[in-house]
Number of protein chains: 2
Amino acid sequence: MKNLQKLLNADKITIARTITAVENSTDTKILEEIFSHTGNAYHIGITGPPGSGKSTLVNAIAKKLLKDDRKIGIIAVDPTSPFSGGALLGDRIRMNDLALHENVFIRSMATRGSLGGLAKKTKDVALVLDAAGMDFILIETVGVGQVELDIAEVCDTTVVALVPESGDSIQAMKTGLLEVADIVIINKSDREGSDILMMELKFAFDLRDKKIEWNYPILKTIATENVGIQELVSEIKSHRKYLIKSRQFEEKRKNNFSKKIHELIEENVRFHLKKNIISQSELNLLLEKTYQRKSNPYKIATEIYQKLLNGGKFDN
Amino acid sequence: MKNLQKLLNADKITIARTITAVENSTDTKILEEIFSHTGNAYHIGITGPPGSGKSTLVNAIAKKLLKDDRKIGIIAVDPTSPFSGGALLGDRIRMNDLALHENVFIRSMATRGSLGGLAKKTKDVALVLDAAGMDFILIETVGVGQVELDIAEVCDTTVVALVPESGDSIQAMKTGLLEVADIVIINKSDREGSDILMMELKFAFDLRDKKIEWNYPILKTIATENVGIQELVSEIKSHRKYLIKSRQFEEKRKNNFSKKIHELIEENVRFHLKKNIISQSELNLLLEKTYQRKSNPYKIATEIYQKLLNGGKFDN
């Protein structure tokens with residue numbers, strides 16, 4: 001790519017263009033080229049149900065980290081986030097303030113493509129921001145569903161934000177949200193019910209594996225008033241130290257590489273099958289035979305697989 | 001397999017043993033052998049949140065279908081189902097009544113293996129029951145999460161059971177449960193709130209694609225008192241006719257075969273990669289190089305894929 005140096009220098013227009021190019025490209029040329037410049041960024045996931053104040057939290061955390069002269073990338077996967085153009089006008093103005101800061105780059109994934117590929121695309125965007133020298137990448141997601149759990153895989157620290165409202169903690173447990181949490185926030189903690197929520201969460205975490213040395217802090221915050229944000233940032237830094245010391249940081253990243261390699265191989269296989277091994281019309285004939293019970297999926301799969309290994313030639 | 005004829009004759013012990021053999025086997029020999037005898041069974045999914053009375057519904061539907069002299073297979077994926085040994089003693093006695101009927105075979109998937117493979121195993125068990133001549137296979141699942149949505153793929157008709165309690169319908173929409181519903185049941189409809197739930201559901205279905213000719217019936221039932229079950233069975237039969245007439249029945253089954261073929265090919269690839277192409281220790285070295293940014297996942301994936309196509313030999 002011709003603007004690599006500009007990307008490495010965190011030129012905002014180049015970052016935006018590179019992300020767009022990566023999103024619209026089916027090959028992995030750019031990602032492969034920038035890869036050697038990645039590995040510096042620390043990924044923080046901020047997730048939680050709608051209305052838990054995630055955007056305000058992201059805003060407050062980013063401002064705190066900027067004081068240490070760090071570069072911050074923000075990826076908003078939540079379509080209702082003010083970072084994505086959603087929510088109220090007042091919010092958006094507040095966020096614009098952050099967007100204009102020279103050390104902040106914000107990208108919204110809200111309207112990009114299908115849900116199926118959203119997690120993959122988010123990871124690719126994070127890779128571009130990493131190459132561009134971001135020290136921290138904050139990823140805001142709504143805590144429901146598989147996409148969020150997939151995105152949590154690339155987050156070094158995942159912060160789950162809840163609010164003192166009936167059912168939130170139970171819902172978070174049901175959907176597996178608490179399982180990905182490294183730190184839990186009770187945001188809007190001046191509201192009634194925050195002590196009960198704290199008790200419920202402590203109980204839930206008590207059921208977790210005792211052998212793990214990380215203590216899963218539960219913090220009260222009021223993000224709109226900047227209350228508890230310093231403690232949250234401290235806990236994120238503690239978690240980072242814990243991950244590095246326990247070698248989980250390295251292990252997790254290597255696991256992600258391994259998954260990525262296998263995904264890419266499977267993509268290659270699917271592409272090659274369709275292009276060189278079996279056409280849709282050939283497959284349709286085999287499916288018709290299967291439907292009539294004159295063939296079966298097991299036999300067909302074995303034959304196609306053998307043909308794949310023979311470079312497209314059938315064995316007989 | 002040596003007891004094929006006994007399986008085709010629906011001998012209960014042979015069915016049970018074949019299922020166990022399929023579950024414990026890593027190859028697909030038995031499934032391939034029985035496949036030509038499948039295709040007769042109609043698959044009905046019964047799903048819904050805990051406490052919506054799914055097991056009682058399954059029980060009531062099965063008894064109704066038995067009157068037409070049909071063979072019924074029941075697969076309980078829900079671990080709290082009395083069919084799975086869960087729930088109250090009273091329930092279990094009632095279900096045992098059904099289990100002893102000569103034309104009924106019940107299998108619980110509750111304690112079988114990891115969640116990851118549960119949908120796949122359920123489909124394999126359904127295939128055995130199909131080969132054993134079951135006319136209907138009723139599959140009971142708890143309506144939360146990906147497993148249920150995967151199982152819904154093999155169900156010809158999916159019945160979603162809700163109860164008149166706050167939040168159920170909203171929750172069902174959020175988790176994608178209503179999207180897989182062909183028929184919705186308001187069970188325990190003598191409880192307060194059933195009219196409100198009916199209104200909410202009608203509203204939700206009004207938002208669906210108008211071009212589809214199926215009208216998505218919403219029925220009130222009280223399964224414990226057999227109220228509304230005849231109507232439910234009639235709607236299931238109407239749905240079957242609709243699917244066959246609109247050719248969706250055939251299309252869906254062919255789609256499932258296509259998915260199965262691709263899954264099997266991917267399994268073959270993964271197995272072959274591990275066994276013949278790249279050992280875990282070789283992969284670990286490459287992951288270490290990637291972590292140090294001396295290599296990258298894209299390059300590694302391409303190399304492994306080329307080696308796969310060359311039958312294990314690297315190109316250079």
# chains A, B, ... in the order shown; residues from 1 in each chain; ligands from 1

call {"tool": "select_by_dssp", "arguments": {"residues": "range 47-80 of chain B", "states": "alpha helix (DSSP H)", "output": "PyMOL selection string"}}
result
chain B and resi 54-66

call {"tool": "closest_atom_pairs", "arguments": {"of": "chain B", "to": "chain A", "cutoff": "9 Å", "atoms": "only C-alpha atoms", "output": "tab-separated table"}}
result
residue	atom	partner	partner_atom	distance
B:Thr28	CA	A:Tyr298	CA	7.1
B:Lys29	CA	A:Tyr298	CA	8.5
B:Leu31	CA	A:Tyr298	CA	8.1
B:Glu32	CA	A:Tyr298	CA	6.0
B:Phe35	CA	A:Asn296	CA	6.6
B:Ser36	CA	A:Arg293	CA	5.0
B:His37	CA	A:Arg293	CA	7.7
B:Thr38	CA	A:Arg293	CA	7.8
B:Gly39	CA	A:Tyr291	CA	7.9
B:Val144	CA	A:Thr175	CA	8.4
B:Gly145	CA	A:Thr175	CA	7.9
B:Gln146	CA	A:Gln146	CA	8.1
B:Lys174	CA	A:Val144	CA	8.6
B:Thr175	CA	A:Gly145	CA	7.7
B:Glu250	CA	A:Tyr291	CA	7.7
B:Arg253	CA	A:Tyr291	CA	7.5
B:Lys254	CA	A:Leu287	CA	5.8
B:Asn255	CA	A:Leu287	CA	8.3
B:Phe257	CA	A:Pro297	CA	6.2
B:Ser258	CA	A:Leu287	CA	6.9
B:Lys260	CA	A:Pro297	CA	6.5
B:Ile261	CA	A:Ala301	CA	5.1
B:His262	CA	A:Ala301	CA	7.1
B:Glu263	CA	A:Ala301	CA	8.6
B:Leu264	CA	A:Ala301	CA	6.0
B:Ile265	CA	A:Ala301	CA	5.5
B:Glu266	CA	A:Glu266	CA	7.0
B:Asn268	CA	A:Tyr305	CA	7.3
B:Val269	CA	A:Tyr305	CA	8.0
B:Arg270	CA	A:His262	CA	8.3
B:Leu283	CA	A:Ser258	CA	8.1
B:Asn284	CA	A:Lys254	CA	8.5
B:Leu287	CA	A:Lys254	CA	5.8
B:Glu288	CA	A:Lys254	CA	7.3
B:Thr290	CA	A:Phe257	CA	7.6
B:Tyr291	CA	A:Lys254	CA	6.6
B:Gln292	CA	A:Ser36	CA	8.6
B:Arg293	CA	A:Ser36	CA	5.0
B:Lys294	CA	A:Ser36	CA	7.1
B:Ser295	CA	A:Ser36	CA	7.6
B:Asn296	CA	A:Phe35	CA	6.6
B:Pro297	CA	A:Ile261	CA	5.3
B:Tyr298	CA	A:Glu32	CA	6.0
B:Lys299	CA	A:Glu32	CA	7.5
B:Ile300	CA	A:Ile261	CA	6.9
B:Ala301	CA	A:Ile261	CA	5.1
B:Thr302	CA	A:Ile265	CA	7.1
B:Ile304	CA	A:Ile265	CA	7.6
B:Tyr305	CA	A:Ile265	CA	5.9
B:Leu308	CA	A:Leu309	CA	6.9
B:Leu309	CA	A:Leu309	CA	5.0
B:Asn310	CA	A:Leu309	CA	7.0
B:Gly311	CA	A:Leu309	CA	6.2

call {"tool": "calpha_fit_and_write", "arguments": {"fixed": "chain A", "moving": "chain B", "output": "tab-separated table (two decimals) with C-alpha atoms, in the first residue's frame"}}
result
chain	number	residue	atom	x	y	z
B	1	MET	CA	0.10	-0.06	0.03
B	2	LYS	CA	1.36	3.33	-0.94
B	3	ASN	CA	0.46	5.30	2.20
B	4	LEU	CA	1.92	2.89	4.74
B	5	GLN	CA	4.14	5.49	6.34
B	6	LYS	CA	1.24	7.90	6.70
B	7	LEU	CA	-0.81	5.14	8.35
B	8	LEU	CA	2.00	4.36	10.78
B	9	ASN	CA	2.12	8.08	11.59
B	10	ALA	CA	-1.58	7.95	12.52
B	11	ASP	CA	-2.71	10.32	9.78
B	12	LYS	CA	-6.46	10.38	10.31
B	13	ILE	CA	-7.49	10.47	6.66
B	14	THR	CA	-5.14	7.58	5.83
B	15	ILE	CA	-6.52	5.54	8.73
B	16	ALA	CA	-10.07	6.11	7.53
B	17	ARG	CA	-9.21	5.22	3.94
B	18	THR	CA	-7.27	2.11	4.93
B	19	ILE	CA	-10.20	0.88	7.02
B	20	THR	CA	-12.57	1.43	4.11
B	21	ALA	CA	-10.19	-0.38	1.76
B	22	VAL	CA	-9.94	-3.33	4.17
B	23	GLU	CA	-13.70	-3.47	4.58
B	24	ASN	CA	-14.36	-3.44	0.86
B	25	SER	CA	-11.63	-5.86	-0.11
B	26	THR	CA	-12.02	-9.62	-0.31
B	27	ASP	CA	-8.30	-10.33	-0.14
B	28	THR	CA	-6.03	-9.88	2.85
B	29	LYS	CA	-3.16	-8.01	1.15
B	30	ILE	CA	-3.38	-4.84	3.23
B	31	LEU	CA	-3.80	-6.72	6.51
B	32	GLU	CA	-0.79	-8.88	5.70
B	33	GLU	CA	1.28	-5.81	4.90
B	34	ILE	CA	0.42	-3.91	8.06
B	35	PHE	CA	0.60	-6.95	10.35
B	36	SER	CA	4.27	-6.58	11.25
B	37	HIS	CA	3.48	-3.11	12.65
B	38	THR	CA	0.80	-4.37	15.03
B	39	GLY	CA	0.97	-5.79	18.54
B	40	ASN	CA	1.30	-2.56	20.48
B	41	ALA	CA	-2.35	-1.71	21.15
B	42	TYR	CA	-4.18	-2.82	24.28
B	43	HIS	CA	-7.81	-3.77	23.52
B	44	ILE	CA	-10.55	-2.84	25.99
B	45	GLY	CA	-14.09	-4.05	25.40
B	46	ILE	CA	-16.96	-2.07	26.91
B	47	THR	CA	-20.19	-4.02	26.73
B	48	GLY	CA	-23.56	-4.13	28.43
B	49	PRO	CA	-27.29	-3.86	27.78
B	50	PRO	CA	-28.80	-0.79	26.05
B	51	GLY	CA	-29.11	2.13	28.45
B	52	SER	CA	-26.22	1.12	30.69
B	53	GLY	CA	-24.26	4.20	29.69
B	54	LYS	CA	-21.51	2.49	27.71
B	55	SER	CA	-20.79	5.46	25.42
B	56	THR	CA	-20.46	7.82	28.35
B	57	LEU	CA	-18.11	5.33	29.99
B	58	VAL	CA	-16.02	5.08	26.82
B	59	ASN	CA	-15.92	8.85	26.67
B	60	ALA	CA	-14.80	9.13	30.30
B	61	ILE	CA	-12.18	6.37	30.03
B	62	ALA	CA	-10.76	7.87	26.82
B	63	LYS	CA	-10.40	11.31	28.41
B	64	LYS	CA	-8.59	9.79	31.38
B	65	LEU	CA	-6.17	7.87	29.14
B	66	LEU	CA	-5.54	10.94	26.96
B	67	LYS	CA	-4.07	12.70	30.00
B	68	ASP	CA	-1.21	10.16	29.91
B	69	ASP	CA	-0.57	11.34	26.34
B	70	ARG	CA	-1.80	8.11	24.82
B	71	LYS	CA	-3.35	7.53	21.38
B	72	ILE	CA	-6.88	6.15	21.55
B	73	GLY	CA	-8.89	4.28	18.92
B	74	ILE	CA	-12.62	3.87	19.50
B	75	ILE	CA	-14.71	1.33	17.62
B	76	ALA	CA	-18.47	1.59	18.16
B	77	VAL	CA	-20.23	-1.63	17.21
B	78	ASP	CA	-23.39	-0.56	19.02
B	79	PRO	CA	-25.76	1.06	16.49
B	80	THR	CA	-27.47	3.11	19.20
B	81	SER	CA	-24.17	4.59	20.35
B	82	PRO	CA	-23.74	8.34	19.90
B	83	PHE	CA	-20.34	7.42	18.40
B	84	SER	CA	-22.31	5.72	15.64
B	85	GLY	CA	-24.55	8.71	15.08
B	86	GLY	CA	-27.33	7.24	17.18
B	87	ALA	CA	-28.81	8.50	20.47
B	88	LEU	CA	-29.52	12.09	21.37
B	89	LEU	CA	-28.08	15.22	19.83
B	90	GLY	CA	-26.60	16.30	23.16
B	91	ASP	CA	-24.62	13.09	23.40
B	92	ARG	CA	-23.34	13.46	19.92
B	93	ILE	CA	-22.02	16.94	20.54
B	94	ARG	CA	-20.21	15.70	23.63
B	95	MET	CA	-18.65	12.85	21.64
B	96	ASN	CA	-17.66	15.16	18.77
B	97	ASP	CA	-15.54	16.99	21.27
B	98	LEU	CA	-13.57	13.77	21.67
B	99	ALA	CA	-13.57	12.97	17.95
B	100	LEU	CA	-11.79	16.24	17.19
B	101	HIS	CA	-8.91	15.48	19.57
B	102	GLU	CA	-5.73	14.83	17.58
B	103	ASN	CA	-4.91	11.64	19.49
B	104	VAL	CA	-8.35	10.05	19.06
B	105	PHE	CA	-9.69	8.11	16.11
B	106	ILE	CA	-13.35	6.96	16.16
B	107	ARG	CA	-14.90	4.41	13.80
B	108	SER	CA	-18.50	3.23	13.80
B	109	MET	CA	-19.29	-0.28	12.58
B	110	ALA	CA	-23.00	0.32	13.02
B	111	THR	CA	-24.12	0.19	9.44
B	112	ARG	CA	-21.46	-2.08	8.01
B	113	GLY	CA	-22.69	-5.23	6.31
B	114	SER	CA	-24.36	-8.28	7.74
B	115	LEU	CA	-24.21	-9.38	11.34
B	116	GLY	CA	-22.43	-12.57	10.28
B	117	GLY	CA	-19.25	-10.77	9.34
B	118	LEU	CA	-19.42	-8.00	11.93
B	119	ALA	CA	-17.08	-9.60	14.47
B	120	LYS	CA	-14.51	-10.39	11.76
B	121	LYS	CA	-14.69	-6.84	10.39
B	122	THR	CA	-14.35	-5.33	13.83
B	123	LYS	CA	-11.17	-7.36	14.38
B	124	ASP	CA	-9.79	-6.18	11.02
B	125	VAL	CA	-10.51	-2.54	11.90
B	126	ALA	CA	-8.79	-3.02	15.26
B	127	LEU	CA	-5.74	-4.33	13.39
B	128	VAL	CA	-5.58	-1.16	11.27
B	129	LEU	CA	-5.87	1.02	14.38
B	130	ASP	CA	-3.15	-1.05	16.05
B	131	ALA	CA	-0.82	-0.52	13.09
B	132	ALA	CA	-1.61	3.20	13.22
B	133	GLY	CA	-0.01	3.31	16.65
B	134	MET	CA	-3.04	3.47	18.92
B	135	ASP	CA	-2.02	2.62	22.50
B	136	PHE	CA	-5.55	1.71	23.50
B	137	ILE	CA	-8.46	0.52	21.39
B	138	LEU	CA	-11.85	0.84	23.09
B	139	ILE	CA	-14.54	-1.34	21.53
B	140	GLU	CA	-18.14	-0.57	22.49
B	141	THR	CA	-20.69	-3.34	21.90
B	142	VAL	CA	-24.25	-4.07	23.03
B	143	GLY	CA	-24.05	-7.11	25.24
B	144	VAL	CA	-26.45	-9.47	23.49
B	145	GLY	CA	-25.58	-12.36	21.27
B	146	GLN	CA	-22.78	-14.17	19.57
B	147	VAL	CA	-21.21	-11.15	17.86
B	148	GLU	CA	-20.33	-9.57	21.20
B	149	LEU	CA	-18.91	-12.79	22.55
B	150	ASP	CA	-16.79	-13.12	19.38
B	151	ILE	CA	-15.52	-9.56	19.72
B	152	ALA	CA	-14.69	-10.19	23.39
B	153	GLU	CA	-12.13	-12.73	22.14
B	154	VAL	CA	-9.87	-9.98	20.85
B	155	CYS	CA	-10.31	-7.75	23.89
B	156	ASP	CA	-7.54	-8.01	26.45
B	157	THR	CA	-9.80	-6.59	29.14
B	158	THR	CA	-13.58	-6.73	28.90
B	159	VAL	CA	-15.62	-4.33	31.04
B	160	VAL	CA	-19.30	-5.20	31.44
B	161	ALA	CA	-21.53	-2.27	32.39
B	162	LEU	CA	-24.81	-2.88	34.18
B	163	VAL	CA	-27.28	-0.52	35.81
B	164	PRO	CA	-29.33	-1.01	38.97
B	165	GLU	CA	-32.48	-2.15	37.27
B	166	SER	CA	-34.46	-5.29	37.79
B	167	GLY	CA	-33.30	-8.34	35.90
B	168	ASP	CA	-30.11	-6.89	34.44
B	169	SER	CA	-27.75	-9.14	36.36
B	170	ILE	CA	-29.82	-12.25	35.73
B	171	GLN	CA	-30.05	-11.41	32.05
B	172	ALA	CA	-26.30	-10.83	31.91
B	173	MET	CA	-25.69	-14.26	33.42
B	174	LYS	CA	-28.16	-15.98	31.10
B	175	THR	CA	-26.63	-14.59	27.94
B	176	GLY	CA	-23.09	-15.47	28.98
B	177	LEU	CA	-22.15	-11.80	29.33
B	178	LEU	CA	-20.75	-12.17	32.84
B	179	GLU	CA	-18.56	-15.03	31.65
B	180	VAL	CA	-16.56	-12.69	29.44
B	181	ALA	CA	-16.35	-9.93	32.07
B	182	ASP	CA	-12.96	-9.14	33.60
B	183	ILE	CA	-14.33	-6.08	35.38
B	184	VAL	CA	-17.98	-5.33	36.13
B	185	ILE	CA	-19.28	-1.78	36.45
B	186	ILE	CA	-22.46	-0.77	38.23
B	187	ASN	CA	-23.01	2.43	36.32
B	188	LYS	CA	-25.61	5.04	37.33
B	189	SER	CA	-24.89	3.72	40.82
B	190	ASP	CA	-26.71	6.64	42.48
B	191	ARG	CA	-29.94	4.95	41.45
B	192	GLU	CA	-31.92	2.78	43.80
B	193	GLY	CA	-31.01	-0.90	43.81
B	194	SER	CA	-27.28	-0.57	43.29
B	195	ASP	CA	-26.44	-2.32	46.58
B	196	ILE	CA	-28.72	-5.23	45.71
B	197	LEU	CA	-27.10	-5.52	42.28
B	198	MET	CA	-23.68	-5.48	43.95
B	199	MET	CA	-24.73	-8.37	46.18
B	200	GLU	CA	-26.13	-10.37	43.26
B	201	LEU	CA	-22.95	-9.87	41.26
B	202	LYS	CA	-20.69	-10.81	44.16
B	203	PHE	CA	-22.73	-13.94	44.57
B	204	ALA	CA	-22.46	-14.75	40.86
B	205	PHE	CA	-18.70	-14.27	40.88
B	206	ASP	CA	-18.31	-16.40	44.00
B	207	LEU	CA	-19.48	-19.32	41.89
B	208	ARG	CA	-16.54	-18.87	39.53
B	209	ASP	CA	-13.32	-20.82	39.47
B	210	LYS	CA	-11.42	-20.06	42.67
B	211	LYS	CA	-8.08	-21.03	41.18
B	212	ILE	CA	-7.99	-17.95	38.97
B	213	GLU	CA	-5.91	-15.28	40.61
B	214	TRP	CA	-7.74	-12.31	39.13
B	215	ASN	CA	-10.34	-11.09	41.61
B	216	TYR	CA	-12.99	-9.78	39.16
B	217	PRO	CA	-13.56	-6.33	40.64
B	218	ILE	CA	-17.07	-4.91	40.74
B	219	LEU	CA	-17.01	-1.12	40.73
B	220	LYS	CA	-19.66	1.53	41.19
B	221	THR	CA	-19.51	4.41	38.72
B	222	ILE	CA	-21.52	7.43	37.66
B	223	ALA	CA	-19.94	8.00	34.26
B	224	THR	CA	-21.81	11.26	33.56
B	225	GLU	CA	-20.22	12.79	36.66
B	226	ASN	CA	-16.84	11.10	36.24
B	227	VAL	CA	-17.35	9.22	39.52
B	228	GLY	CA	-15.37	5.98	39.78
B	229	ILE	CA	-13.60	6.35	36.41
B	230	GLN	CA	-10.12	6.73	37.94
B	231	GLU	CA	-10.66	3.45	39.84
B	232	LEU	CA	-11.89	1.78	36.68
B	233	VAL	CA	-8.82	2.84	34.70
B	234	SER	CA	-6.60	1.63	37.57
B	235	GLU	CA	-8.31	-1.77	37.55
B	236	ILE	CA	-7.88	-2.01	33.77
B	237	LYS	CA	-4.17	-1.36	34.22
B	238	SER	CA	-3.98	-3.94	37.05
B	239	HIS	CA	-5.69	-6.46	34.81
B	240	ARG	CA	-3.17	-5.78	32.07
B	241	LYS	CA	-0.31	-6.42	34.51
B	242	TYR	CA	-2.00	-9.61	35.70
B	243	LEU	CA	-2.45	-10.89	32.12
B	244	ILE	CA	1.17	-10.23	31.20
B	245	LYS	CA	2.56	-11.72	34.42
B	246	SER	CA	0.44	-14.87	34.13
B	247	ARG	CA	1.36	-15.16	30.42
B	248	GLN	CA	-2.35	-15.17	29.52
B	249	PHE	CA	-1.78	-12.08	27.42
B	250	GLU	CA	0.57	-13.99	25.13
B	251	GLU	CA	-1.48	-17.21	25.24
B	252	LYS	CA	-4.70	-15.47	24.27
B	253	ARG	CA	-3.11	-13.65	21.37
B	254	LYS	CA	-1.52	-16.85	20.09
B	255	ASN	CA	-4.88	-18.59	20.37
B	256	ASN	CA	-6.43	-15.82	18.32
B	257	PHE	CA	-3.73	-16.21	15.67
B	258	SER	CA	-4.38	-19.93	15.57
B	259	LYS	CA	-8.11	-19.35	15.12
B	260	LYS	CA	-7.42	-16.78	12.43
B	261	ILE	CA	-5.18	-19.19	10.53
B	262	HIS	CA	-7.85	-21.89	10.61
B	263	GLU	CA	-10.53	-19.44	9.52
B	264	LEU	CA	-8.40	-18.34	6.58
B	265	ILE	CA	-7.74	-21.95	5.54
B	266	GLU	CA	-11.46	-22.72	5.69
B	267	GLU	CA	-12.19	-19.63	3.61
B	268	ASN	CA	-9.63	-20.82	1.06
B	269	VAL	CA	-11.25	-24.25	0.97
B	270	ARG	CA	-14.75	-22.83	0.49
B	271	PHE	CA	-13.52	-20.50	-2.25
B	272	HIS	CA	-11.56	-23.23	-4.04
B	273	LEU	CA	-14.47	-25.69	-3.78
B	274	LYS	CA	-16.87	-23.26	-5.40
B	275	LYS	CA	-14.45	-22.05	-8.04
B	276	ASN	CA	-12.59	-25.18	-9.11
B	277	ILE	CA	-14.08	-28.30	-7.58
B	278	ILE	CA	-17.84	-28.27	-7.76
B	279	SER	CA	-20.19	-25.79	-9.43
B	280	GLN	CA	-23.54	-24.86	-7.93
B	281	SER	CA	-25.37	-26.76	-10.68
B	282	GLU	CA	-23.31	-29.93	-10.05
B	283	LEU	CA	-24.01	-29.57	-6.34
B	284	ASN	CA	-27.73	-29.08	-7.02
B	285	LEU	CA	-27.82	-32.37	-8.93
B	286	LEU	CA	-26.18	-34.14	-6.00
B	287	LEU	CA	-28.64	-32.53	-3.57
B	288	GLU	CA	-31.53	-33.75	-5.72
B	289	LYS	CA	-30.07	-37.28	-5.67
B	290	THR	CA	-29.71	-36.98	-1.88
B	291	TYR	CA	-33.31	-35.80	-1.53
B	292	GLN	CA	-34.38	-38.90	-3.48
B	293	ARG	CA	-32.13	-41.03	-1.22
B	294	LYS	CA	-30.06	-42.14	-4.23
B	295	SER	CA	-27.00	-40.64	-2.58
B	296	ASN	CA	-26.10	-39.29	0.85
B	297	PRO	CA	-24.22	-36.31	2.34
B	298	TYR	CA	-21.45	-38.52	3.76
B	299	LYS	CA	-20.54	-40.11	0.41
B	300	ILE	CA	-20.72	-36.74	-1.38
B	301	ALA	CA	-18.54	-35.01	1.22
B	302	THR	CA	-15.89	-37.72	0.96
B	303	GLU	CA	-15.85	-37.51	-2.84
B	304	ILE	CA	-15.62	-33.71	-2.92
B	305	TYR	CA	-12.89	-33.79	-0.30
B	306	GLN	CA	-10.85	-36.32	-2.28
B	307	LYS	CA	-11.28	-34.19	-5.38
B	308	LEU	CA	-10.03	-31.18	-3.42
B	309	LEU	CA	-6.88	-33.03	-2.36
B	310	ASN	CA	-6.33	-34.20	-5.96
B	311	GLY	CA	-6.34	-30.61	-7.14
B	312	GLY	CA	-9.74	-30.86	-8.78
B	313	LYS	CA	-9.48	-34.29	-10.38
B	314	PHE	CA	-11.81	-37.09	-9.35
B	315	ASP	CA	-10.06	-40.28	-8.30
B	316	ASN	CA	-11.52	-42.72	-10.79

call {"tool": "select_by_dssp", "arguments": {"residues": "range 5-190 of chain B", "states": "strand (DSSP E or B)", "output": "PyMOL selection string"}}
result
chain B and resi 42-48+72-76+104-108+136-142+157-162+183-186

call {"tool": "decode", "arguments": {"residues": "range 8-53 of chain B", "atoms": "C-alpha atoms", "output": "JSON list (two decimals), in the first residue's frame"}}
result
[["chain", "number", "residue", "atom", "x", "y", "z"],
["B", 8, "LEU", "CA", -35.93, -50.57, 10.49],
["B", 9, "ASN", "CA", -38.56, -52.56, 12.40],
["B", 10, "ALA", "CA", -38.36, -50.02, 15.24],
["B", 11, "ASP", "CA", -37.07, -52.48, 17.82],
["B", 12, "LYS", "CA", -36.63, -50.24, 20.86],
["B", 13, "ILE", "CA", -33.44, -51.81, 22.18],
["B", 14, "THR", "CA", -31.83, -51.66, 18.73],
["B", 15, "ILE", "CA", -32.81, -48.00, 18.36],
["B", 16, "ALA", "CA", -31.27, -47.17, 21.72],
["B", 17, "ARG", "CA", -28.06, -49.07, 20.94],
["B", 18, "THR", "CA", -27.73, -47.53, 17.48],
["B", 19, "ILE", "CA", -28.10, -44.04, 18.93],
["B", 20, "THR", "CA", -25.43, -44.78, 21.52],
["B", 21, "ALA", "CA", -23.13, -46.19, 18.84],
["B", 22, "VAL", "CA", -23.63, -43.08, 16.68],
["B", 23, "GLU", "CA", -22.99, -40.79, 19.62],
["B", 24, "ASN", "CA", -19.80, -42.54, 20.61],
["B", 25, "SER", "CA", -18.41, -42.97, 17.13],
["B", 26, "THR", "CA", -16.20, -40.46, 15.34],
["B", 27, "ASP", "CA", -16.87, -41.87, 11.89],
["B", 28, "THR", "CA", -20.10, -41.67, 9.93],
["B", 29, "LYS", "CA", -20.36, -45.33, 8.85],
["B", 30, "ILE", "CA", -23.67, -46.08, 10.58],
["B", 31, "LEU", "CA", -25.27, -42.81, 9.47],
["B", 32, "GLU", "CA", -24.22, -43.46, 5.89],
["B", 33, "GLU", "CA", -25.65, -46.97, 6.03],
["B", 34, "ILE", "CA", -29.03, -45.96, 7.44],
["B", 35, "PHE", "CA", -29.36, -42.82, 5.30],
["B", 36, "SER", "CA", -31.18, -44.48, 2.40],
["B", 37, "HIS", "CA", -33.94, -45.51, 4.84],
["B", 38, "THR", "CA", -34.59, -41.96, 6.04],
["B", 39, "GLY", "CA", -36.77, -39.17, 4.68],
["B", 40, "ASN", "CA", -40.12, -40.33, 6.01],
["B", 41, "ALA", "CA", -40.23, -38.58, 9.39],
["B", 42, "TYR", "CA", -41.77, -35.15, 9.89],
["B", 43, "HIS", "CA", -39.79, -33.07, 12.41],
["B", 44, "ILE", "CA", -41.64, -30.84, 14.87],
["B", 45, "GLY", "CA", -39.66, -28.54, 17.15],
["B", 46, "ILE", "CA", -41.25, -27.46, 20.43],
["B", 47, "THR", "CA", -39.30, -24.62, 21.99],
["B", 48, "GLY", "CA", -39.83, -21.82, 24.49],
["B", 49, "PRO", "CA", -38.54, -20.41, 27.76],
["B", 50, "PRO", "CA", -38.35, -22.55, 30.93],
["B", 51, "GLY", "CA", -41.76, -22.91, 32.55],
["B", 52, "SER", "CA", -43.76, -22.53, 29.35],
["B", 53, "GLY", "CA", -45.02, -26.09, 29.61]]
